[in-house]
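Okay, coords.tsv is below, TSV, C-alpha atoms:
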```tsv
chain	number	residue	atom	x	y	z
A	1	MET	CA	180.46	162.94	104.28
A	2	THR	CA	177.30	161.98	105.88
A	3	ASP	CA	175.78	162.74	109.22
A	4	GLY	CA	175.33	159.00	109.96
A	5	SER	CA	171.62	158.87	109.23
A	6	GLU	CA	170.27	156.56	106.50
A	7	THR	CA	167.27	156.89	104.29
A	8	ASP	CA	165.97	153.72	102.68
A	9	ALA	CA	164.02	153.97	99.45
A	10	VAL	CA	160.64	152.22	99.78
A	11	PRO	CA	160.04	150.05	96.76
A	12	SER	CA	156.72	150.59	95.01
A	13	GLY	CA	156.05	146.89	95.12
A	14	ASN	CA	154.34	146.87	91.69
A	15	GLY	CA	157.35	147.44	89.50
A	16	HIS	CA	156.10	150.87	88.35
A	17	ALA	CA	158.04	154.04	88.66
A	18	GLY	CA	157.50	155.85	91.91
A	19	PRO	CA	155.73	159.15	92.10
A	20	GLY	CA	158.90	161.08	92.37
A	21	SER	CA	160.13	160.10	88.90
A	22	PRO	CA	159.14	162.01	85.73
A	23	LYS	CA	157.20	159.01	84.47
A	24	GLY	CA	155.48	158.71	87.84
A	25	GLU	CA	154.52	162.37	87.75
A	26	ARG	CA	152.95	161.92	84.28
A	27	VAL	CA	150.98	158.87	85.49
A	28	LEU	CA	149.81	160.73	88.56
A	29	ARG	CA	148.79	163.75	86.51
A	30	TRP	CA	146.73	161.64	84.05
A	31	SER	CA	145.18	159.71	86.93
A	32	LEU	CA	144.01	162.95	88.52
A	33	ILE	CA	142.56	164.11	85.19
A	34	VAL	CA	140.63	160.83	84.74
A	35	VAL	CA	139.36	160.90	88.33
A	36	ALA	CA	138.24	164.50	87.91
A	37	ALA	CA	136.47	163.70	84.64
A	38	LEU	CA	134.68	160.75	86.20
A	39	ALA	CA	133.71	162.86	89.17
A	40	VAL	CA	132.21	165.53	86.92
A	41	ALA	CA	130.38	162.88	84.90
A	42	GLY	CA	129.06	161.31	88.08
A	43	VAL	CA	127.80	164.63	89.43
A	44	THR	CA	126.19	165.46	86.08
A	45	LEU	CA	124.43	162.08	86.00
A	46	PHE	CA	123.22	162.60	89.55
A	47	VAL	CA	121.88	166.05	88.78
A	48	LEU	CA	120.13	164.89	85.62
A	49	THR	CA	118.57	161.95	87.42
A	50	ARG	CA	117.47	163.84	90.47
A	51	SER	CA	116.12	166.83	88.57
A	52	GLY	CA	114.15	164.61	86.17
A	53	THR	CA	115.73	166.16	83.08
A	54	HIS	CA	114.46	164.57	79.85
A	55	PRO	CA	115.49	165.06	76.26
A	56	ALA	CA	113.90	168.14	74.83
A	57	MET	CA	110.99	167.65	72.42
A	58	PRO	CA	112.01	168.45	68.86
A	59	HIS	CA	111.00	171.91	67.78
A	60	GLY	CA	107.54	171.92	66.25
A	61	ALA	CA	106.55	168.50	67.63
A	62	ALA	CA	102.89	168.49	68.66
A	63	ALA	CA	101.69	167.17	72.01
A	64	SER	CA	99.51	164.06	72.04
A	65	THR	CA	95.84	164.82	71.40
A	66	ALA	CA	94.44	161.34	72.13
A	67	PRO	CA	90.79	161.56	73.22
A	68	THR	CA	89.95	160.93	76.86
A	69	PRO	CA	88.55	157.41	77.31
A	70	ARG	CA	84.81	157.34	77.97
A	71	THR	CA	83.70	156.19	81.41
A	72	PRO	CA	81.20	153.33	80.98
A	73	PHE	CA	77.77	153.65	82.58
A	74	LEU	CA	77.40	151.87	85.92
A	75	LEU	CA	74.14	151.03	87.66
A	76	PRO	CA	74.03	151.94	91.36
A	77	ASP	CA	74.67	149.41	94.09
A	78	PRO	CA	71.54	147.27	94.36
A	79	SER	CA	69.16	146.81	97.22
A	80	ILE	CA	69.22	143.06	97.94
A	81	THR	CA	66.38	140.89	99.20
A	82	ILE	CA	66.91	137.22	100.05
A	83	SER	CA	64.15	134.64	99.83
A	84	ARG	CA	65.17	131.50	101.76
A	85	LEU	CA	63.87	127.97	101.37
A	86	GLY	CA	65.71	126.79	104.49
A	87	SER	CA	67.50	127.99	107.59
A	88	SER	CA	70.66	129.11	105.78
A	89	SER	CA	70.96	132.90	105.62
A	90	GLY	CA	72.57	132.83	102.18
A	91	GLU	CA	73.74	136.42	102.62
A	92	PRO	CA	77.34	135.99	101.34
A	93	VAL	CA	76.11	134.07	98.30
A	94	ALA	CA	73.35	136.57	97.54
A	95	THR	CA	75.68	139.56	97.93
A	96	ALA	CA	78.26	138.08	95.57
A	97	LEU	CA	75.60	137.19	92.99
A	98	ALA	CA	74.06	140.66	93.21
A	99	GLY	CA	77.44	142.22	92.43
A	100	GLN	CA	77.82	139.93	89.42
A	101	ILE	CA	74.35	140.85	88.14
A	102	GLN	CA	75.03	144.56	88.68
A	103	THR	CA	78.14	144.32	86.51
A	104	ALA	CA	76.35	142.38	83.77
A	105	LEU	CA	73.34	144.72	83.63
A	106	SER	CA	75.56	147.82	83.75
A	107	SER	CA	77.36	146.57	80.65
A	108	PHE	CA	74.04	145.87	78.92
A	109	TYR	CA	72.59	149.33	79.66
A	110	ASP	CA	75.83	151.02	78.68
A	111	GLN	CA	75.79	149.31	75.28
A	112	ALA	CA	72.03	149.57	74.83
A	113	PHE	CA	71.72	153.28	75.71
A	114	MET	CA	74.84	155.24	76.67
A	115	ASP	CA	77.60	154.25	74.24
A	116	PRO	CA	77.85	156.83	71.40
A	117	GLN	CA	78.77	153.98	69.05
A	118	THR	CA	75.28	152.60	69.64
A	119	TRP	CA	73.73	155.87	68.48
A	120	THR	CA	75.48	155.44	65.16
A	121	ASN	CA	75.57	151.70	64.59
A	122	GLY	CA	72.78	150.34	66.79
A	123	THR	CA	73.06	147.96	69.75
A	124	PRO	CA	76.16	145.76	69.30
A	125	SER	CA	75.74	142.00	69.18
A	126	SER	CA	77.86	141.59	72.32
A	127	ALA	CA	75.15	143.33	74.38
A	128	TRP	CA	72.83	140.35	73.89
A	129	ASP	CA	75.28	137.90	75.45
A	130	ILE	CA	73.58	138.56	78.80
A	131	PHE	CA	70.58	136.53	77.57
A	132	ALA	CA	70.44	132.74	77.50
A	133	PRO	CA	71.02	131.32	73.99
A	134	GLU	CA	67.42	130.17	73.59
A	135	LEU	CA	66.18	133.66	74.53
A	136	ARG	CA	68.69	135.78	72.64
A	137	ALA	CA	66.91	136.00	69.30
A	138	GLY	CA	63.61	136.89	70.98
A	139	ALA	CA	65.29	139.61	73.04
A	140	GLN	CA	66.75	141.14	69.87
A	141	ARG	CA	63.26	141.21	68.35
A	142	ASP	CA	62.12	143.08	71.47
A	143	ALA	CA	64.89	145.66	71.12
A	144	ASP	CA	62.38	148.51	71.10
A	145	SER	CA	61.33	147.50	74.63
A	146	LEU	CA	64.81	146.75	75.99
A	147	THR	CA	67.00	149.38	74.30
A	148	LEU	CA	66.80	152.63	72.33
A	149	GLY	CA	65.51	150.49	69.47
A	150	VAL	CA	65.13	152.39	66.23
A	151	GLN	CA	66.05	155.69	67.88
A	152	PRO	CA	69.90	155.46	67.87
A	153	ALA	CA	70.30	156.83	64.35
A	154	ARG	CA	68.68	160.06	65.54
A	155	VAL	CA	70.30	160.43	68.99
A	156	THR	CA	73.16	162.93	69.22
A	157	GLY	CA	73.61	163.04	73.00
A	158	LEU	CA	72.38	161.26	76.12
A	159	ARG	CA	72.95	161.76	79.84
A	160	ALA	CA	71.67	159.40	82.54
A	161	THR	CA	69.67	161.29	85.16
A	162	ASP	CA	68.40	158.46	87.37
A	163	ALA	CA	68.87	154.72	87.77
A	164	THR	CA	67.72	152.14	90.31
A	165	LEU	CA	68.52	148.46	90.79
A	166	SER	CA	66.90	146.02	93.21
A	167	ILE	CA	67.69	142.30	93.25
A	168	ARG	CA	65.84	139.43	94.91
A	169	VAL	CA	67.80	136.19	95.30
A	170	LEU	CA	66.19	132.80	95.96
A	171	VAL	CA	68.43	130.65	98.20
A	172	ASP	CA	67.73	126.95	98.75
A	173	GLY	CA	68.10	124.96	101.97
A	174	SER	CA	71.79	124.28	101.36
A	175	GLY	CA	72.57	127.98	100.98
A	176	LYS	CA	72.95	127.96	97.18
A	177	ALA	CA	71.44	130.66	94.98
A	178	ARG	CA	68.88	129.19	92.59
A	179	LEU	CA	67.20	132.19	90.97
A	180	ALA	CA	67.47	135.97	90.91
A	181	LEU	CA	65.09	138.73	89.84
A	182	ALA	CA	66.52	142.14	88.99
A	183	ASP	CA	64.31	145.22	88.66
A	184	VAL	CA	65.93	148.10	86.76
A	185	GLY	CA	64.76	151.67	86.40
A	186	PHE	CA	66.60	153.97	84.00
A	187	GLU	CA	66.03	157.57	82.95
A	188	ALA	CA	68.05	159.89	80.72
A	189	THR	CA	67.77	163.14	78.87
A	190	GLY	CA	69.34	163.90	75.52
A	191	THR	CA	68.99	165.37	72.08
A	192	VAL	CA	68.27	164.09	68.61
A	193	VAL	CA	69.21	165.35	65.17
A	194	GLY	CA	68.09	168.94	64.89
A	195	GLY	CA	68.67	169.63	68.58
A	196	GLU	CA	65.25	168.51	69.80
A	197	PRO	CA	65.44	167.46	73.48
A	198	ILE	CA	64.20	163.99	74.47
A	199	ILE	CA	63.49	162.00	77.63
A	200	VAL	CA	64.28	158.28	77.80
A	201	THR	CA	62.48	156.13	80.37
A	202	SER	CA	63.08	152.39	80.69
A	203	ARG	CA	61.72	149.80	83.13
A	204	ALA	CA	62.54	146.10	83.07
A	205	THR	CA	62.58	142.97	85.22
A	206	PHE	CA	65.17	140.32	84.39
A	207	VAL	CA	65.08	136.74	85.66
A	208	PHE	CA	68.54	135.17	86.06
A	209	ARG	CA	69.35	131.49	86.32
A	210	VAL	CA	72.47	129.38	85.80
A	211	VAL	CA	72.76	128.20	82.20
A	212	SER	CA	75.81	126.12	81.25
A	213	GLY	CA	77.67	127.42	84.28
A	214	GLN	CA	76.78	131.11	83.74
A	215	TRP	CA	74.16	133.36	85.31
A	216	LEU	CA	72.12	134.51	82.32
A	217	VAL	CA	68.73	136.13	81.71
A	218	VAL	CA	66.13	133.42	81.07
A	219	ALA	CA	63.06	135.73	81.06
A	220	TYR	CA	62.09	139.40	81.15
A	221	PRO	CA	58.43	139.59	82.24
A	222	VAL	CA	58.58	143.39	82.29
A	223	ALA	CA	60.28	145.43	79.58
A	224	ASN	CA	59.31	148.89	78.42
A	225	THR	CA	61.30	151.78	76.95
A	226	GLU	CA	59.83	155.11	75.94
A	227	VAL	CA	61.53	157.95	74.09
A	228	THR	CA	59.49	161.13	74.21
A	229	ALA	CA	60.08	164.73	73.29
A	230	GLU	CA	61.00	166.81	76.30
A	231	PRO	CA	58.46	169.59	76.74
A	232	VAL	CA	59.92	173.00	76.17
A	233	PRO	CA	58.74	175.58	78.69
A	234	SER	CA	56.47	178.03	76.95
A	235	ALA	CA	57.19	181.71	77.22
A	236	PRO	CA	54.83	183.52	79.57
A	237	ALA	CA	52.04	185.26	77.71
A	238	SER	CA	52.44	188.98	77.63
A	239	ALA	CA	49.64	190.93	79.23
A	240	SER	CA	47.34	192.48	76.70
A	241	PRO	CA	47.07	196.24	76.94
A	242	THR	CA	43.98	197.44	78.69
A	243	SER	CA	41.90	200.02	76.99
A	244	GLY	CA	41.69	203.26	78.87
A	245	ALA	CA	38.53	205.21	79.48
A	246	SER	CA	37.43	207.32	76.61
A	247	PRO	CA	37.90	210.99	77.24
```
Represent the structure of the file as C-alpha coordinates.
Amino acid sequence: MTDGSETDAVPSGNGHAGPGSPKGERVLRWSLIVVAALAVAGVTLFVLTRSGTHPAMPHGAAASTAPTPRTPFLLPDPSITISRLGSSSGEPVATALAGQIQTALSSFYDQAFMDPQTWTNGTPSSAWDIFAPELRAGAQRDADSLTLGVQPARVTGLRATDATLSIRVLVDGSGKARLALADVGFEATGTVVGGEPIIVTSRATFVFRVVSGQWLVVAYPVANTEVTAEPVPSAPASASPTSGASP
(Lines of atoms letter the chains of each structure in order from A and count residues from 1; the text may use other names and numbers.)
(Lines give C-alpha, C1' and ligand atoms only; values in the text may rest on other atoms or scores of the structure.)
Protein backbone atom coordinates (compact mmCIF):
# COMPACT_ATOMS: atom_id res chain seq x y z
CA MET A 1 0.00 0.00 0.00
CA THR A 2 0.99 3.51 -0.50
CA ASP A 3 0.14 6.68 1.29
CA GLY A 4 -1.00 8.32 -1.99
CA SER A 5 2.10 10.42 -2.52
CA GLU A 6 4.21 9.98 -5.68
CA THR A 7 7.87 10.46 -6.26
CA ASP A 8 8.99 10.94 -9.84
CA ALA A 9 12.53 10.03 -10.80
CA VAL A 10 14.29 12.97 -12.48
CA PRO A 11 16.08 11.78 -15.57
CA SER A 12 19.73 12.76 -15.80
CA GLY A 13 19.16 14.10 -19.27
CA ASN A 14 22.58 12.94 -20.54
CA GLY A 15 21.97 9.22 -20.61
CA HIS A 16 24.52 8.55 -17.85
CA ALA A 17 23.77 6.73 -14.68
CA GLY A 18 22.56 8.95 -11.89
CA PRO A 19 24.59 9.59 -8.80
CA GLY A 20 22.65 7.15 -6.77
CA SER A 21 23.73 4.13 -8.81
CA PRO A 22 26.98 2.22 -8.14
CA LYS A 23 28.39 3.35 -11.47
CA GLY A 24 27.39 6.93 -10.68
CA GLU A 25 29.11 6.73 -7.32
CA ARG A 26 32.34 5.53 -8.99
CA VAL A 27 32.17 8.39 -11.53
CA LEU A 28 31.55 10.92 -8.79
CA ARG A 29 34.40 9.55 -6.70
CA TRP A 30 36.90 9.75 -9.61
CA SER A 31 35.65 13.22 -10.51
CA LEU A 32 36.33 14.42 -6.98
CA ILE A 33 39.82 12.88 -7.09
CA VAL A 34 40.63 14.62 -10.40
CA VAL A 35 39.26 17.95 -9.17
CA ALA A 36 41.29 17.66 -5.98
CA ALA A 37 44.45 16.81 -7.93
CA LEU A 38 43.95 19.77 -10.24
CA ALA A 39 43.31 22.03 -7.30
CA VAL A 40 46.55 20.94 -5.62
CA ALA A 41 48.45 21.39 -8.88
CA GLY A 42 46.94 24.83 -9.32
CA VAL A 43 47.87 25.91 -5.80
CA THR A 44 51.40 24.54 -6.23
CA LEU A 45 51.81 26.44 -9.52
CA PHE A 46 50.55 29.60 -7.87
CA VAL A 47 52.93 29.26 -4.95
CA LEU A 48 55.90 28.55 -7.19
CA THR A 49 55.09 31.50 -9.41
CA ARG A 50 54.43 33.96 -6.64
CA SER A 51 57.42 32.93 -4.54
CA GLY A 52 59.78 33.12 -7.53
CA THR A 53 61.03 29.57 -7.06
CA HIS A 54 63.59 28.58 -9.71
CA PRO A 55 65.29 25.29 -10.44
CA ALA A 56 68.17 24.74 -8.10
CA MET A 57 71.68 25.20 -9.51
CA PRO A 58 73.43 21.87 -9.93
CA HIS A 59 75.78 21.07 -7.09
CA GLY A 60 79.25 22.43 -7.75
CA ALA A 61 78.17 24.80 -10.54
CA ALA A 62 80.14 28.04 -10.36
CA ALA A 63 78.51 31.47 -10.51
CA SER A 64 79.23 33.68 -13.52
CA THR A 65 82.48 35.61 -13.18
CA ALA A 66 82.09 37.84 -16.26
CA PRO A 67 84.09 41.07 -15.84
CA THR A 68 82.18 44.29 -15.23
CA PRO A 69 81.96 46.34 -18.44
CA ARG A 70 84.21 49.40 -18.45
CA THR A 71 82.50 52.79 -18.40
CA PRO A 72 83.81 54.84 -21.35
CA PHE A 73 85.34 58.24 -20.65
CA LEU A 74 82.99 61.18 -21.20
CA LEU A 75 84.00 64.82 -21.54
CA PRO A 76 81.95 67.25 -19.43
CA ASP A 77 79.06 69.23 -20.84
CA PRO A 78 80.58 72.04 -22.90
CA SER A 79 80.33 75.76 -22.46
CA ILE A 80 78.84 77.03 -25.73
CA THR A 81 79.49 80.34 -27.47
CA ILE A 82 77.58 81.35 -30.60
CA SER A 83 79.03 83.67 -33.22
CA ARG A 84 76.22 84.98 -35.47
CA LEU A 85 76.46 86.38 -38.97
CA GLY A 86 72.82 87.51 -38.93
CA SER A 87 69.86 88.14 -36.67
CA SER A 88 69.05 84.46 -36.09
CA SER A 89 69.95 83.31 -32.57
CA GLY A 90 70.97 79.85 -33.75
CA GLU A 91 70.81 78.56 -30.17
CA PRO A 92 68.92 75.28 -30.85
CA VAL A 93 71.24 74.46 -33.75
CA ALA A 94 74.39 75.31 -31.78
CA THR A 95 73.26 73.31 -28.74
CA ALA A 96 72.52 70.22 -30.82
CA LEU A 97 75.84 70.48 -32.65
CA ALA A 98 77.74 70.95 -29.39
CA GLY A 99 76.22 67.73 -28.04
CA GLN A 100 77.26 65.89 -31.20
CA ILE A 101 80.83 67.21 -30.93
CA GLN A 102 80.98 66.31 -27.23
CA THR A 103 80.07 62.72 -28.06
CA ALA A 104 82.60 62.50 -30.90
CA LEU A 105 85.48 63.97 -28.88
CA SER A 106 84.63 61.85 -25.83
CA SER A 107 84.99 58.74 -27.98
CA PHE A 108 88.30 60.00 -29.37
CA TYR A 109 89.79 60.76 -25.93
CA ASP A 110 88.53 57.48 -24.54
CA GLN A 111 90.29 55.54 -27.30
CA ALA A 112 93.36 57.78 -27.38
CA PHE A 113 94.00 57.79 -23.61
CA MET A 114 91.66 55.87 -21.31
CA ASP A 115 90.98 52.50 -22.95
CA PRO A 116 93.30 49.81 -21.48
CA GLN A 117 93.38 48.17 -24.91
CA THR A 118 95.15 51.30 -26.17
CA TRP A 119 97.88 50.87 -23.56
CA THR A 120 98.64 47.46 -25.01
CA ASN A 121 97.93 47.82 -28.72
CA GLY A 122 98.17 51.56 -29.37
CA THR A 123 95.44 53.92 -30.58
CA PRO A 124 92.91 51.95 -32.66
CA SER A 125 92.29 52.97 -36.26
CA SER A 126 88.64 53.75 -35.47
CA ALA A 127 89.74 56.66 -33.25
CA TRP A 128 90.92 58.58 -36.32
CA ASP A 129 87.51 58.50 -37.98
CA ILE A 130 86.76 61.83 -36.30
CA PHE A 131 89.16 63.51 -38.75
CA ALA A 132 88.30 64.37 -42.35
CA PRO A 133 89.75 61.86 -44.85
CA GLU A 134 92.30 64.34 -46.22
CA LEU A 135 93.52 65.08 -42.68
CA ARG A 136 93.48 61.58 -41.23
CA ALA A 137 96.97 60.47 -42.23
CA GLY A 138 98.50 63.72 -40.97
CA ALA A 139 96.70 63.38 -37.64
CA GLN A 140 98.09 59.86 -37.22
CA ARG A 141 101.59 61.22 -37.83
CA ASP A 142 100.91 63.74 -35.05
CA ALA A 143 99.83 61.02 -32.63
CA ASP A 144 102.41 62.13 -30.07
CA SER A 145 100.63 65.51 -29.86
CA LEU A 146 97.06 64.20 -29.95
CA THR A 147 97.27 60.93 -27.96
CA LEU A 148 99.54 59.01 -25.59
CA GLY A 149 101.73 58.41 -28.63
CA VAL A 150 104.59 56.04 -27.96
CA GLN A 151 103.74 55.81 -24.26
CA PRO A 152 100.92 53.19 -24.31
CA ALA A 153 103.26 50.20 -24.21
CA ARG A 154 104.52 51.43 -20.84
CA VAL A 155 101.24 52.61 -19.25
CA THR A 156 99.70 50.24 -16.70
CA GLY A 157 96.98 52.50 -15.29
CA LEU A 158 95.39 55.88 -15.95
CA ARG A 159 92.73 57.94 -14.18
CA ALA A 160 91.29 61.20 -15.54
CA THR A 161 91.55 63.97 -12.95
CA ASP A 162 90.30 66.98 -14.91
CA ALA A 163 88.71 67.75 -18.27
CA THR A 164 87.22 70.85 -19.88
CA LEU A 165 85.36 71.43 -23.13
CA SER A 166 84.32 74.74 -24.68
CA ILE A 167 82.74 75.03 -28.11
CA ARG A 168 82.23 78.08 -30.32
CA VAL A 169 79.71 77.69 -33.14
CA LEU A 170 79.54 80.00 -36.17
CA VAL A 171 75.92 80.45 -37.34
CA ASP A 172 75.09 82.12 -40.65
CA GLY A 173 72.23 84.52 -41.40
CA SER A 174 69.79 81.68 -42.09
CA GLY A 175 70.45 80.08 -38.71
CA LYS A 176 72.60 77.21 -40.01
CA ALA A 177 75.83 76.15 -38.29
CA ARG A 178 78.81 76.60 -40.60
CA LEU A 179 81.85 76.00 -38.40
CA ALA A 180 82.71 74.95 -34.86
CA LEU A 181 85.84 75.26 -32.75
CA ALA A 182 86.27 72.95 -29.77
CA ASP A 183 88.88 73.58 -27.08
CA VAL A 184 89.71 70.53 -24.96
CA GLY A 185 91.73 70.31 -21.78
CA PHE A 186 92.56 66.89 -20.36
CA GLU A 187 94.60 65.78 -17.36
CA ALA A 188 95.19 62.35 -15.86
CA THR A 189 97.45 60.56 -13.44
CA GLY A 190 98.67 57.01 -13.81
CA THR A 191 101.52 54.56 -13.61
CA VAL A 192 103.92 52.95 -16.04
CA VAL A 193 105.78 49.66 -15.98
CA GLY A 194 107.73 49.46 -12.76
CA GLY A 195 105.13 51.45 -10.82
CA GLU A 196 106.51 54.91 -11.62
CA PRO A 197 103.73 57.53 -11.34
CA ILE A 198 103.07 59.82 -14.31
CA ILE A 199 101.02 62.92 -15.13
CA VAL A 200 99.35 63.30 -18.53
CA THR A 201 98.43 66.78 -19.75
CA SER A 202 96.79 67.40 -23.13
CA ARG A 203 95.52 70.58 -24.79
CA ALA A 204 93.98 70.77 -28.25
CA THR A 205 91.74 72.90 -30.45
CA PHE A 206 89.69 71.11 -33.11
CA VAL A 207 87.99 72.82 -36.04
CA PHE A 208 84.83 71.05 -37.22
CA ARG A 209 83.10 71.46 -40.55
CA VAL A 210 80.62 69.40 -42.57
CA VAL A 211 82.41 66.98 -44.90
CA SER A 212 80.26 64.67 -47.05
CA GLY A 213 77.34 65.18 -44.71
CA GLN A 214 79.30 64.63 -41.47
CA TRP A 215 80.78 67.03 -38.93
CA LEU A 216 84.47 66.14 -38.96
CA VAL A 217 87.74 67.71 -37.80
CA VAL A 218 89.30 69.66 -40.68
CA ALA A 219 92.13 71.29 -38.65
CA TYR A 220 93.75 71.23 -35.22
CA PRO A 221 95.74 74.47 -34.82
CA VAL A 222 96.60 73.57 -31.23
CA ALA A 223 97.67 70.08 -30.17
CA ASN A 224 100.03 69.21 -27.36
CA THR A 225 100.31 66.19 -25.06
CA GLU A 226 102.90 65.79 -22.33
CA VAL A 227 103.62 62.73 -20.23
CA THR A 228 105.86 63.53 -17.29
CA ALA A 229 106.99 61.71 -14.19
CA GLU A 230 104.95 62.68 -11.18
CA PRO A 231 107.23 64.15 -8.53
CA VAL A 232 107.46 62.00 -5.46
CA PRO A 233 107.38 63.99 -2.22
CA SER A 234 110.79 63.84 -0.61
CA ALA A 235 111.07 62.72 2.96
CA PRO A 236 111.75 65.58 5.36
CA ALA A 237 115.41 65.85 6.23
CA SER A 238 116.17 64.72 9.72
CA ALA A 239 117.68 67.33 11.97
CA SER A 240 121.37 66.84 12.46
CA PRO A 241 122.41 66.38 16.06
CA THR A 242 123.84 69.47 17.65
CA SER A 243 127.11 69.18 19.40
CA GLY A 244 126.92 69.91 23.07
CA ALA A 245 129.33 72.09 24.98
CA SER A 246 132.52 70.43 25.93
CA PRO A 247 132.75 69.74 29.62
- request: Pick out the residues sitting within 9 Å of range 100-105 of chain A, and hand them over as a PyMOL selection string; count all atoms listed in the file, and ignore anything fewer than 5 positions along from it in its own chain.
  value: chain A and resi 74-78+95+110+130+165+167+180+182+184+208+215-216
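Across the structure, CA of Pro133 in chain A and CA of Val207 in chain A are spaced 14.2 Å apart.
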Can you pull out the residues contacting Val193 in chain A? Cut-off 9 Å, using all atoms listed in the file, and skip same-chain residues under 3 positions away; I want them as a tab-separated table (two decimals) with C-alpha atoms, in the coordinates of the input.
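Saved result, result-v1.tsv, follows:
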```
chain	number	residue	atom	x	y	z
A	153	ALA	CA	70.30	156.83	64.35
A	154	ARG	CA	68.68	160.06	65.54
A	155	VAL	CA	70.30	160.43	68.99
A	156	THR	CA	73.16	162.93	69.22
A	196	GLU	CA	65.25	168.51	69.80
```
- request: Go ahead and compute the interatomic distance for CA of Leu148 in chain A and CA of Asn224 in chain A, in Å to one decimal.
  value: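 Separation of CA of Leu148 in chain A and CA of Asn224 in chain A: 10.4 Å.
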query: Neighbours of Gly185 in chain A within 12 Å (all atoms listed in the file; same-chain residues fewer than 5 positions away dropped), as a PyMOL selection string?
result: chain A and resi 75-76+78+105-106+109+146+160-167+200-206+222-225
message: If I take CA of Phe73 in chain A and CA of Thr118 in chain A, how far is one from the other in Å, to one decimal?
response: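 If I compute the distance from CA of Phe73 in chain A to CA of Thr118 in chain A, I get 13.2 Å.
Proximity to Ala177 in chain A was assessed for A:Gly195, A:Gly86, A:Pro69, A:Pro116 counting only C-alpha atoms; the smallest distance is recorded for A:Gly86.
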task: Select, from A:Gly213, A:Val171, A:Asp115, A:Thr120, the residue with the minimum atom-to-atom distance to Thr71 in chain A, counting only C-alpha atoms.
output: A:Asp115
- prompt: With all atoms listed in the file as the atoms that count, which of A:Gly149, A:Phe186, A:Leu135, A:Ser87 lies nearest to Asn121 in chain A?
  reply: A:Gly149
message: Tell me which residues come within 10 Å of (71.8, 164.6, 75.4), as an MDAnalysis selection string, counting only C-alpha atoms in the file's coordinates.
response: chainID A and resid 114 155:160 188:192 195:199
Option closest in space to Arg141 in chain A, from A:Trp128, A:Phe108, A:Val227, A:Gln214 [counting only C-alpha atoms]: A:Trp128
query: For Ala139 in chain A, which of A:Val210, A:Glu226, A:Tyr220, A:Gly99 is the closest residue, counting all atoms listed in the file?
result: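 Between A:Val210, A:Glu226, A:Tyr220, A:Gly99, the residue approaching Ala139 in chain A most closely is A:Tyr220.
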field: A:Gly122, A:Arg70, A:Ile80, A:Arg136 ranked by distance to Ala96 in chain A, top pick (using only C-alpha atoms)
entry: A:Ile80
task: Find the residues around Ala132 in chain A up to 8 Å (all atoms listed in the file counted), leave out those fewer than 5 positions away in its own chain, and share them as a PyMOL selection string.
output: chain A and resi 211+216-218
How about completing range 116-140 of chain A with N, CA and C atoms and giving it to me as a tab-separated table (two decimals), keeping the file's coordinate frame?
```tsv
chain	number	residue	atom	x	y	z
A	116	PRO	N	78.09	156.07	72.65
A	116	PRO	CA	77.85	156.83	71.40
A	116	PRO	C	77.94	155.96	70.15
A	117	GLN	N	78.70	154.87	70.21
A	117	GLN	CA	78.77	153.98	69.05
A	117	GLN	C	77.40	153.37	68.75
A	118	THR	N	76.62	153.15	69.81
A	118	THR	CA	75.28	152.60	69.64
A	118	THR	C	74.39	153.58	68.89
A	119	TRP	N	74.57	154.87	69.15
A	119	TRP	CA	73.73	155.87	68.48
A	119	TRP	C	73.96	155.87	66.98
A	120	THR	N	75.15	155.45	66.58
A	120	THR	CA	75.48	155.44	65.16
A	120	THR	C	75.21	154.09	64.50
A	121	ASN	N	75.60	153.03	65.21
A	121	ASN	CA	75.57	151.70	64.59
A	121	ASN	C	74.51	150.76	65.16
A	122	GLY	N	73.76	151.21	66.15
A	122	GLY	CA	72.78	150.34	66.79
A	122	GLY	C	73.41	149.51	67.90
A	123	THR	N	72.58	148.77	68.63
A	123	THR	CA	73.06	147.96	69.75
A	123	THR	C	73.99	146.86	69.24
A	124	PRO	N	75.21	146.77	69.79
A	124	PRO	CA	76.16	145.76	69.30
A	124	PRO	C	75.71	144.35	69.68
A	125	SER	N	76.14	143.38	68.93
A	125	SER	CA	75.74	142.00	69.18
A	125	SER	C	76.21	141.50	70.54
A	126	SER	N	77.34	142.04	71.03
A	126	SER	CA	77.86	141.59	72.32
A	126	SER	C	76.92	141.94	73.48
A	127	ALA	N	76.06	142.95	73.30
A	127	ALA	CA	75.15	143.33	74.38
A	127	ALA	C	74.17	142.22	74.70
A	128	TRP	N	73.85	141.39	73.70
A	128	TRP	CA	72.83	140.35	73.89
A	128	TRP	C	73.38	139.09	74.53
A	129	ASP	N	74.68	139.08	74.82
A	129	ASP	CA	75.28	137.90	75.45
A	129	ASP	C	74.77	137.69	76.88
A	130	ILE	N	74.12	138.69	77.45
A	130	ILE	CA	73.58	138.56	78.80
A	130	ILE	C	72.37	137.63	78.83
A	131	PHE	N	71.76	137.39	77.67
A	131	PHE	CA	70.58	136.53	77.57
A	131	PHE	C	70.98	135.09	77.26
A	132	ALA	N	70.20	134.15	77.79
A	132	ALA	CA	70.44	132.74	77.50
A	132	ALA	C	70.30	132.50	76.00
A	133	PRO	N	71.05	131.55	75.44
A	133	PRO	CA	71.02	131.32	73.99
A	133	PRO	C	69.63	131.15	73.41
A	134	GLU	N	68.75	130.42	74.13
A	134	GLU	CA	67.42	130.17	73.59
A	134	GLU	C	66.53	131.41	73.65
A	135	LEU	N	66.98	132.44	74.39
A	135	LEU	CA	66.18	133.66	74.53
A	135	LEU	C	66.75	134.82	73.71
A	136	ARG	N	67.97	134.66	73.25
A	136	ARG	CA	68.69	135.78	72.64
A	136	ARG	C	68.00	136.35	71.41
A	137	ALA	N	67.56	135.51	70.52
A	137	ALA	CA	66.91	136.00	69.30
A	137	ALA	C	65.62	136.75	69.62
A	138	GLY	N	64.84	136.22	70.58
A	138	GLY	CA	63.61	136.89	70.98
A	138	GLY	C	63.88	138.24	71.61
A	139	ALA	N	64.94	138.33	72.41
A	139	ALA	CA	65.29	139.61	73.04
A	139	ALA	C	65.67	140.64	71.97
A	140	GLN	N	66.39	140.21	70.95
A	140	GLN	CA	66.75	141.14	69.87
A	140	GLN	C	65.51	141.63	69.12
```
